[in-house]
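Asks: Submitted below is the structure of interest, expressed as structure tokens.
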Amino acid sequence: MYQSRLHATNGIVSIAVDALNGEILEFTRESTWDNAAKNHVRSTRSLLDGLLHTSDGDRRLYVPRYLEIREDGRLTPDIAVEQRDKSARVTITYPMLVTFPKVEMDGAGKPVNKHDYRLPPLGEPVDISATVTIELPENECRTLWRLAVENRTDGEIDQICFPSMDGLWLGESWEDDMLVIPHHAGLRTVNPTKNLASVQPRINWKWQEYIYGYNLGHLSGARDDRGAYVVEMSYSGAASMLWMDLYDPGEGTGLYITCRNERLIMKGLRLESFGEQYPGVGLAIVHKPCLKQGAWESEECVVAFHEGDWHWGADDYRAWFGTLNRPDPGHHRPLWFEKSAGLIAHYDFQYQGGGIVHRFSDIPELLRQAQALGFNHLLLSGWNEDGFDFGFPHYKPNHKLGTEQELKDALAEVKRMGGHVAFYVNSRLCNTGFEDQQERIKKSAVMDREGKLHIEKYGAADVYFASLCINDTEWRNELADVVRYLTHEIGADSMYLDQLAMGGSCKCYHPGHAEHRNNPIAWNQGYEKLLARMRSEYDPEGMALIYEGCNDNFGPGASGQLITVLSGPLHDWMPEVYKYTFPEQILVDMMNARRNSAMRPEHVARHSTELLHRAFVNGSYLWCYDLEWDNTWRRDPEQWERLRKIVALRTAWLDRYGQGRFTDVVGVARAPEGQMIKRYEIEGGLLAACACESGLSGTVFMEWPGDNAPRVECMTLDRPEPLAIPCRVESLKGKRCVAFDLPETEMAVAAIRT
């Protein structure tokens, strides 16, 4: 009997593949019989798609479809379904894949060819074979996917998206779905079908030599030659982790996708939408085989249905990450940093345009100003020759600001005052305009296959930077030597490495980089070596290391990771995603005053209190700029006082209870709507961090696992000393909970212990 689709099931998840070409037609959660694969847009390619680099340019790589197979029988795949009692396996072997030329786009973002983008031309057979294996294990909601390819062409398989799932939504409508992705710590998009394909309002904001672009709406994709709106995140880079979760709060169900990337090598995540005219989203893991002739196999990938929301996916990823048995980074967070609420950042020593505000002799006074707010940690930028965002990598004290000895003396005075200092160092940029750096650029810069440099641009129109390859041994050692010089000779006890995990990972084909020859995707491992070298040279009491960006590969060895929520889009940012997945790590978040904000635009400044509250309840390390006349809290008396009180409350929290283990809202059985309530596990009990700009009110119910009756002590913004408050134990939805009333204040910390 003819079957157009072949089925496999383990009783929890069932799938159906096209009987002729193996594409995914159904991915169904059997408890609800909801097939998540609800739309099959012709110009998508489910299962896998890739990019083949050839002498004639890049070409898209897909599995063949009906018309190609009917035209050329050699393309017919062998599809085998091994259905067991409570488990199944699907194996699809493609003798050859097919390619399409990448279509050029015109200025309006439309394809420049005679074909409608929804009806692509026939693909051309290419001598690349592929085998897909999908396991449905017994009693498992996790389906396991593997891909093996063999390239017999003269081209290079640049990347492969696998598994590639398209046209997905959960339940009745796509409109109430939510998509959580690890975009710079975390981001949640409501109705991703609509928002990814929407044109979002943007503004440009001028500050000194910079024109910053800000998205005022939601995350949106870039339209490609198929008509899809695509967001692709590199790991490391925009993807802080390697998992995504699509869930429907009303249905109480979710779909999770990840890759068991045990070596933590360069990969990526892709999400896409064709808009509500063709609803559903596409999700894929992006692999970077860089495969010339030969064979390649993917790591195991997971696609799973689950109950609840995105926390399920975070729990799964955390549990898997814990199986890697990575080396213990040792003491990477000094005690003073553990007890510190944050830092004051000064980028106003020498700006990119040459303007000088502070000199080395001013540093002790800058600490006094910080201490008036309750901070004891300074970050100094523009300290180096030629200044911030210009003098990279001239990492010697700027002679215009004072002598090296004056800098040493200033830091010694800061230390006597009980303060701490970090220096800004960029981890990858080299100014292409420096004559004395031309040889370094030739030897150390990232190059593509054709020898073209990877160039980045910040600020002034005539300033360009080459990205230096962290796998060039000479550059990596020099960068580590700079850190050692600043800490061991100048006297800093902390360091900030800009762009380390924020800037996208780069493929490098530089022929002179012997360390990663024939392995252009060694970027992450190069930074692992840098951080290991730095740790080996820390003083016995350790060094506080902060870097820009957020990444699970580097995070365990960092003191803090800078996530910059205020860069937008504010509507979608959700740093709780990373914080919940790795609750022992500290995230650093930039804060902004409300009044007289020059560095940041008005739409950011007006969220000043909200940003402070969110960082507080999430346990973030506060990064507060103090730029004279450009971004200083001293020109906003109301927010200066609010910040001072927040720092005092946070310091009291850390002194009395420690950092705690962040669990987001998991374990909060009920809380008043419109208020920020986050739960922590602390020694001997629980802690609730609470904030609301209009004032806290109502009752919080937190699950209480202990048999003994608890007691609750509370600290508030105006009274950072603990005070016992009444509580009671009640049953809520069958769970034993402790209930307490929130004090009528803006912010509070409530500790629940026996």
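Identifiers in this document derive from the order of the structure tokens: chains are assigned A, B, ..., residues are numbered from 1 separately in each chain, and ligands are numbered from 1 in order of occurrence.
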Do you know which residues are at most 12 Å from Thr609 of chain A counting only C-alpha atoms, after dropping those on the same chain fewer than 2 positions away, and could you put them as a PyMOL selection string?
Replies: chain A and resi 566+591-595+604-607+611-616+638-643+646+691-694+746-747
Asks: Using DSSP assignments from the backbone, pull out every residue in segment 133-219 of chain A that falls under alpha helix (DSSP H) and give it to me as a VMD selection string.
Replies: chain A and resid 192 to 196
Asks: For those residues, write C-alpha atoms to a file as a tab-separated table (two decimals), in the first residue's frame.
Replies:
chain	number	residue	atom	x	y	z
A	192	PRO	CA	7.62	35.62	17.12
A	193	THR	CA	5.85	34.90	13.82
A	194	LYS	CA	4.73	38.52	13.71
A	195	ASN	CA	7.56	40.33	15.44
A	196	LEU	CA	10.49	38.66	13.69
Asks: With distances taken over only C-alpha atoms, which of A:Thr699, A:Asn471, A:Ser608, A:Ser567 is nearest to Gly213 of chain A?
Replies: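 Looking only at the distances to Gly213 of chain A, the closest residue turns out to be A:Ser567.
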Asks: Using only C-alpha atoms, which of A:Phe360, A:Trp207, A:Tyr62, A:Trp33 sits nearest Leu75 of chain A?
Replies: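 Checking each of A:Phe360, A:Trp207, A:Tyr62, A:Trp33 against Leu75 of chain A, counting only C-alpha atoms, the winner is A:Tyr62.
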Asks: Do a neighbour search on Lys457 of chain A at 12 Å with only C-alpha atoms, toss out local chain neighbours closer than 3 positions, and write the hits as a ChimeraX atom specification.
Replies: /A:209-212,389-390,429-432,454,460-467
Asks: Write the selection just made, keeping N, CA and C atoms, as an mmCIF file, in the first residue's frame?
Replies:
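This went into out-v7.cif:
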data_model
loop_
_atom_site.group_PDB
_atom_site.id
_atom_site.type_symbol
_atom_site.label_atom_id
_atom_site.label_comp_id
_atom_site.auth_asym_id
_atom_site.auth_seq_id
_atom_site.Cartn_x
_atom_site.Cartn_y
_atom_site.Cartn_z
ATOM 1 N N GLU A 209 31.478 61.419 18.972
ATOM 2 C CA GLU A 209 31.731 60.967 17.602
ATOM 3 C C GLU A 209 30.836 59.794 17.179
ATOM 4 N N TYR A 210 29.939 59.358 18.066
ATOM 5 C CA TYR A 210 29.184 58.126 17.844
ATOM 6 C C TYR A 210 27.758 58.414 17.386
ATOM 7 N N ILE A 211 27.258 57.566 16.506
ATOM 8 C CA ILE A 211 25.843 57.545 16.161
ATOM 9 C C ILE A 211 25.346 56.141 16.512
ATOM 10 N N TYR A 212 24.639 56.027 17.627
ATOM 11 C CA TYR A 212 24.143 54.730 18.083
ATOM 12 C C TYR A 212 22.751 54.471 17.501
ATOM 13 N N ASP A 389 38.686 53.904 22.371
ATOM 14 C CA ASP A 389 38.196 53.649 21.004
ATOM 15 C C ASP A 389 39.056 54.319 19.938
ATOM 16 N N PHE A 390 40.324 54.464 20.230
ATOM 17 C CA PHE A 390 41.262 54.967 19.231
ATOM 18 C C PHE A 390 42.624 54.317 19.430
ATOM 19 N N LEU A 429 40.692 44.550 19.144
ATOM 20 C CA LEU A 429 40.777 45.596 18.126
ATOM 21 C C LEU A 429 42.172 46.185 17.975
ATOM 22 N N CYS A 430 42.499 46.514 16.712
ATOM 23 C CA CYS A 430 43.746 47.201 16.386
ATOM 24 C C CYS A 430 43.433 48.309 15.385
ATOM 25 N N ASN A 431 43.772 49.530 15.725
ATOM 26 C CA ASN A 431 43.514 50.687 14.869
ATOM 27 C C ASN A 431 44.321 50.559 13.582
ATOM 28 N N THR A 432 43.616 50.504 12.446
ATOM 29 C CA THR A 432 44.296 50.308 11.160
ATOM 30 C C THR A 432 45.083 51.541 10.730
ATOM 31 N N HIS A 454 39.024 41.239 8.539
ATOM 32 C CA HIS A 454 37.742 41.474 9.205
ATOM 33 C C HIS A 454 37.831 42.830 9.883
ATOM 34 N N ALA A 460 34.032 57.642 15.138
ATOM 35 C CA ALA A 460 34.356 58.582 14.062
ATOM 36 C C ALA A 460 34.387 57.909 12.689
ATOM 37 N N ALA A 461 34.031 58.681 11.684
ATOM 38 C CA ALA A 461 33.918 58.142 10.330
ATOM 39 C C ALA A 461 35.248 57.692 9.756
ATOM 40 N N ASP A 462 36.352 58.205 10.283
ATOM 41 C CA ASP A 462 37.655 57.873 9.704
ATOM 42 C C ASP A 462 38.452 56.892 10.576
ATOM 43 N N VAL A 463 37.799 56.231 11.526
ATOM 44 C CA VAL A 463 38.483 55.287 12.412
ATOM 45 C C VAL A 463 38.001 53.871 12.109
ATOM 46 N N TYR A 464 38.946 52.996 11.781
ATOM 47 C CA TYR A 464 38.644 51.594 11.482
ATOM 48 C C TYR A 464 39.555 50.694 12.314
ATOM 49 N N PHE A 465 39.037 49.528 12.647
ATOM 50 C CA PHE A 465 39.796 48.576 13.454
ATOM 51 C C PHE A 465 39.831 47.214 12.773
ATOM 52 N N ALA A 466 40.998 46.601 12.786
ATOM 53 C CA ALA A 466 41.118 45.198 12.377
ATOM 54 C C ALA A 466 40.874 44.333 13.606
ATOM 55 N N SER A 467 40.166 43.222 13.410
ATOM 56 C CA SER A 467 39.972 42.254 14.488
ATOM 57 C C SER A 467 41.177 41.332 14.538
#
Asks: Tell me which of A:Trp629, A:Tyr509, A:Trp243, A:Tyr2 sits closest to Phe321 of chain A, counting only C-alpha atoms.
Replies: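 The closest residue to Phe321 of chain A is A:Trp243.
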Asks: What's around Arg333 of chain A at 7 Å? Count only C-alpha atoms, leave out sequence neighbours fewer than 3 positions away in its own chain, and write the answer as JSON, numbers by chain.
Replies: {"A": [337, 338, 542, 543, 544, 559]}
Asks: What lies within 10 Å of segment 77-94 of chain A using only C-alpha atoms, ignoring chain neighbours under 5 positions off, as a PyMOL selection string?
Replies: chain A and resi 6-23+63-64+69+128-140+143-149
Asks: List as a list in words the protein and nucleic acid residues near segment 733-738 of chain A, meaning an atom at most 8 Å away when only C-alpha atoms are counted, but skip any in the same chain fewer than 3 places from it.
Replies: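 Listing them by chain and then by number gives Ala669, Phe701, Met702, Glu703, Trp704, Pro705, Pro710, Cys727, Arg728, Val729 and Glu730 of chain A.
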Asks: Restricting the output to C-alpha atoms, write the selected residues as a compact mmCIF listing (two decimals), in the first residue's frame.
Replies:
# COMPACT_ATOMS: atom_id res chain seq x y z
CA ALA A 669 3.52 30.07 44.19
CA PHE A 701 3.31 32.90 48.69
CA MET A 702 6.53 30.91 48.40
CA GLU A 703 6.74 27.14 48.44
CA TRP A 704 8.25 26.06 51.74
CA PRO A 705 9.82 22.59 51.80
CA PRO A 710 9.66 29.62 59.25
CA CYS A 727 4.19 35.19 58.27
CA ARG A 728 1.97 32.14 58.10
CA VAL A 729 2.05 28.69 56.52
CA GLU A 730 -0.80 27.83 54.16
Asks: So which one's closest to Ala750 of chain A, A:Trp523, A:Trp653, A:Phe162, A:Phe662? Using only C-alpha atoms, please.
Replies: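 Looking only at the distances to Ala750 of chain A, the closest residue turns out to be A:Trp653.
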Asks: List the neighbours of Gly186 of chain A out to 10 Å using only C-alpha atoms; skip same-chain residues closer than 3 positions along the sequence, and give me the result as a list in words.
Replies: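 My list of contacting residues is Val180, Ile181, Pro182, His183, Ala238, Ala239, Ser240, Met241, Met244, Cys550, Ile563, Val565, Asp572, Trp573, Met574, Pro575, Glu576, Val577, Tyr578 and Lys579 of chain A.
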Asks: Could you check which of A:Gly342, A:Gly308, A:Gly330, A:Gly237 is closest to Arg650 of chain A, using only C-alpha atoms?
Replies: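 When distances to Arg650 of chain A are compared using only C-alpha atoms, the smallest one comes from A:Gly342.
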Asks: Which residue gives the smallest distance to Arg517 of chain A among A:Lys645, A:Gly155, A:Gln350, A:Asp472, with only C-alpha atoms counted?
Replies: A:Asp472
